[in-house]
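To be precise, the following lines are data_17.pdb, and they hold PDB, C-alpha atoms.
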ATOM      1  CA  MET A   1      -9.220  13.806  -8.785  1.00  0.00           C
ATOM      2  CA  THR A   2      -5.770  14.185  -7.266  1.00  0.00           C
ATOM      3  CA  ILE A   3      -3.219  11.415  -6.802  1.00  0.00           C
ATOM      4  CA  ALA A   4      -3.823  11.549  -3.051  1.00  0.00           C
ATOM      5  CA  GLU A   5      -7.566  11.061  -3.539  1.00  0.00           C
ATOM      6  CA  ALA A   6      -6.989   8.157  -5.930  1.00  0.00           C
ATOM      7  CA  ASN A   7      -4.491   6.489  -3.589  1.00  0.00           C
ATOM      8  CA  THR A   8      -6.402   6.907  -0.324  1.00  0.00           C
ATOM      9  CA  PRO A   9      -8.436   3.657  -0.251  1.00  0.00           C
ATOM     10  CA  VAL A  10      -5.487   1.503  -1.289  1.00  0.00           C
ATOM     11  CA  ALA A  11      -2.883   3.338   0.796  1.00  0.00           C
ATOM     12  CA  THR A  12      -5.136   3.100   3.853  1.00  0.00           C
ATOM     13  CA  GLY A  13      -5.678  -0.605   3.238  1.00  0.00           C
ATOM     14  CA  ILE A  14      -1.966  -1.272   2.911  1.00  0.00           C
ATOM     15  CA  LYS A  15      -1.243   0.698   6.105  1.00  0.00           C
ATOM     16  CA  VAL A  16      -3.965  -1.185   8.032  1.00  0.00           C
ATOM     17  CA  ILE A  17      -2.673  -4.591   6.922  1.00  0.00           C
ATOM     18  CA  ILE A  18       0.947  -3.645   7.669  1.00  0.00           C
ATOM     19  CA  ALA A  19      -0.091  -2.616  11.190  1.00  0.00           C
ATOM     20  CA  LYS A  20      -2.227  -5.742  11.761  1.00  0.00           C
ATOM     21  CA  LYS A  21       0.607  -8.015  10.681  1.00  0.00           C
ATOM     22  CA  GLY A  22       3.207  -6.105  12.666  1.00  0.00           C
ATOM     23  CA  PHE A  23       5.406  -5.440   9.657  1.00  0.00           C
ATOM     24  CA  LYS A  24       7.639  -2.435   9.130  1.00  0.00           C
ATOM     25  CA  ASN A  25       7.090  -0.153   6.152  1.00  0.00           C
ATOM     26  CA  LEU A  26      10.757  -0.579   5.202  1.00  0.00           C
ATOM     27  CA  HIS A  27      10.405  -4.369   5.019  1.00  0.00           C
ATOM     28  CA  VAL A  28       7.211  -4.229   2.946  1.00  0.00           C
ATOM     29  CA  ALA A  29       8.614  -1.605   0.576  1.00  0.00           C
ATOM     30  CA  GLU A  30      11.787  -3.559  -0.103  1.00  0.00           C
ATOM     31  CA  LYS A  31      10.015  -6.914  -0.528  1.00  0.00           C
ATOM     32  CA  ALA A  32       7.580  -5.303  -2.989  1.00  0.00           C
ATOM     33  CA  GLY A  33      10.478  -3.817  -4.963  1.00  0.00           C
ATOM     34  CA  PHE A  34      10.134  -0.196  -3.848  1.00  0.00           C
ATOM     35  CA  THR A  35      12.382   2.108  -1.880  1.00  0.00           C
ATOM     36  CA  PRO A  36      11.075   3.394   1.441  1.00  0.00           C
ATOM     37  CA  GLN A  37      10.822   6.843  -0.183  1.00  0.00           C
ATOM     38  CA  GLU A  38       8.644   5.480  -3.003  1.00  0.00           C
ATOM     39  CA  LEU A  39       6.313   3.873  -0.455  1.00  0.00           C
ATOM     40  CA  SER A  40       6.161   7.123   1.483  1.00  0.00           C
ATOM     41  CA  ASP A  41       5.364   8.979  -1.731  1.00  0.00           C
ATOM     42  CA  MET A  42       2.515   6.541  -2.423  1.00  0.00           C
ATOM     43  CA  PHE A  43       1.118   6.947   1.082  1.00  0.00           C
ATOM     44  CA  ASN A  44       1.339  10.741   0.863  1.00  0.00           C
ATOM     45  CA  GLY A  45      -0.124  11.193  -2.611  1.00  0.00           C
ATOM     46  CA  ARG A  46       3.053  12.091  -4.439  1.00  0.00           C
ATOM     47  CA  ARG A  47       3.165   8.864  -6.487  1.00  0.00           C
ATOM     48  CA  LEU A  48       0.219   7.024  -8.005  1.00  0.00           C
ATOM     49  CA  ILE A  49      -0.393   3.471  -6.783  1.00  0.00           C
ATOM     50  CA  LYS A  50      -0.992   1.469  -9.969  1.00  0.00           C
ATOM     51  CA  ALA A  51      -2.939  -1.786 -10.271  1.00  0.00           C
ATOM     52  CA  CYS A  52       0.293  -3.749 -10.746  1.00  0.00           C
ATOM     53  CA  ASP A  53       1.658  -2.181  -7.534  1.00  0.00           C
ATOM     54  CA  ILE A  54      -1.396  -3.364  -5.586  1.00  0.00           C
ATOM     55  CA  ALA A  55      -0.765  -6.945  -6.712  1.00  0.00           C
ATOM     56  CA  ARG A  56       2.856  -6.695  -5.562  1.00  0.00           C
ATOM     57  CA  PHE A  57       1.798  -5.410  -2.149  1.00  0.00           C
ATOM     58  CA  ALA A  58      -0.849  -8.129  -1.832  1.00  0.00           C
ATOM     59  CA  HIS A  59       1.763 -10.806  -2.556  1.00  0.00           C
ATOM     60  CA  VAL A  60       4.212  -9.417  -0.002  1.00  0.00           C
ATOM     61  CA  LEU A  61       1.499  -8.983   2.636  1.00  0.00           C
ATOM     62  CA  GLY A  62       0.086 -12.464   2.008  1.00  0.00           C
ATOM     63  CA  VAL A  63      -3.405 -11.212   1.172  1.00  0.00           C
ATOM     64  CA  LYS A  64      -5.664 -10.858  -1.864  1.00  0.00           C
ATOM     65  CA  THR A  65      -5.969  -7.538  -3.636  1.00  0.00           C
ATOM     66  CA  ASP A  66      -9.617  -7.440  -2.520  1.00  0.00           C
ATOM     67  CA  ASP A  67      -8.419  -7.608   1.092  1.00  0.00           C
ATOM     68  CA  ILE A  68      -6.440  -4.400   0.574  1.00  0.00           C
ATOM     69  CA  TYR A  69      -9.519  -2.611  -0.759  1.00  0.00           C
ATOM     70  CA  ALA A  70     -11.678  -3.971   2.093  1.00  0.00           C
ATOM     71  CA  ALA A  71      -9.147  -2.892   4.723  1.00  0.00           C
ATOM     72  CA  GLY A  72      -9.038   0.542   3.079  1.00  0.00           C
ATOM     73  CA  LYS A  73     -12.806   0.908   3.370  1.00  0.00           C
ATOM     74  CA  GLU A  74     -12.804  -0.227   7.009  1.00  0.00           C
ATOM     75  CA  GLY A  75      -9.803   1.931   7.904  1.00  0.00           C
ATOM     76  CA  GLY A  76     -11.249   4.974   6.156  1.00  0.00           C
ATOM     77  CA  ASP A  77     -14.546   4.955   8.080  1.00  0.00           C
TER      78      ASP A  77
END

Encoding of this model in structure tokens:
Amino acid sequence: MTIAEANTPVATGIKVIIAKKGFKNLHVAEKAGFTPQELSDMFNGRRLIKACDIARFAHVLGVKTDDIYAAGKEGGD
């Protein structure tokens, strides 16, 4: 399994929630403690999204980690 394949459900979920909430990737990245480049790398399979990263994104987005996974499944269909 590649990094991109491992990241896809979570990255998709994060993208869907960012779009639904009308946030900018830059804002979310910085609030979660990442640079915009690091977020881009996560979205494009160049950096693994770890479990601790998902919790940080959930906090910034105001959702539960399960919501990120659910949005990833819905957005990936």

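For the choices A:Lys73, A:Lys64, A:His59, A:Arg47, the atom-to-atom distance to A:Val28 is smallest for A:His59 when using all atoms listed in the file.
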
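Using all atoms listed in the file, the shortest contact distance between A:Asp67 and any of A:Ile14, A:Met1, A:Ala6, A:Ala29 is found at A:Ile14.
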
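Pairwise distance (atom CA of A:Leu48, atom CA of A:Thr2) equals 9.4 Å.
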
Check which residues satisfy the PyMOL selection byres ((chain A and resi 71) around 8) in the file shown, then give them as an mmCIF file with C-alpha atoms, in the frame of the given file.
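Below you can see part02.cif, which holds the result:
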data_model
loop_
_atom_site.group_PDB
_atom_site.id
_atom_site.type_symbol
_atom_site.label_atom_id
_atom_site.label_comp_id
_atom_site.auth_asym_id
_atom_site.auth_seq_id
_atom_site.Cartn_x
_atom_site.Cartn_y
_atom_site.Cartn_z
ATOM 1 C CA THR A 12 -5.136 3.100 3.853
ATOM 2 C CA GLY A 13 -5.678 -0.605 3.238
ATOM 3 C CA ILE A 14 -1.966 -1.272 2.911
ATOM 4 C CA VAL A 16 -3.965 -1.185 8.032
ATOM 5 C CA ILE A 17 -2.673 -4.591 6.922
ATOM 6 C CA ASP A 67 -8.419 -7.608 1.092
ATOM 7 C CA ILE A 68 -6.440 -4.400 0.574
ATOM 8 C CA TYR A 69 -9.519 -2.611 -0.759
ATOM 9 C CA ALA A 70 -11.678 -3.971 2.093
ATOM 10 C CA GLY A 72 -9.038 0.542 3.079
ATOM 11 C CA LYS A 73 -12.806 0.908 3.370
ATOM 12 C CA GLU A 74 -12.804 -0.227 7.009
ATOM 13 C CA GLY A 75 -9.803 1.931 7.904
#

Would you place a box with edges along x, y and z of the file around all atoms of stretch 57-73 of chain A listed there, add 5 Å to each of its six sides, and report the centre and edge lengths in Å to one decimal, as AutoDock Vina command-line options?
--center_x -4.3 --center_y -5.8 --center_z 0.5 --size_x 27.0 --size_y 23.4 --size_z 18.4

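You will find atom CA of A:Ile54 at 11.8 Å from atom CA of A:Leu39.
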
Please determine the residues with any atom at most 8 Å from (7.3, -7.2, 7.6) (coordinates as given in the file, with all atoms listed in the file counting) and report them as a compact mmCIF listing (two decimals) with C-alpha atoms, in the frame of the given file.
# COMPACT_ATOMS: atom_id res chain seq x y z
CA ILE A 18 0.95 -3.64 7.67
CA LYS A 21 0.61 -8.02 10.68
CA GLY A 22 3.21 -6.10 12.67
CA PHE A 23 5.41 -5.44 9.66
CA LYS A 24 7.64 -2.44 9.13
CA ASN A 25 7.09 -0.15 6.15
CA LEU A 26 10.76 -0.58 5.20
CA HIS A 27 10.40 -4.37 5.02
CA VAL A 28 7.21 -4.23 2.95
CA LEU A 61 1.50 -8.98 2.64

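Going from atom CA of A:Asn7 to atom CA of A:Phe43 covers 7.3 Å.
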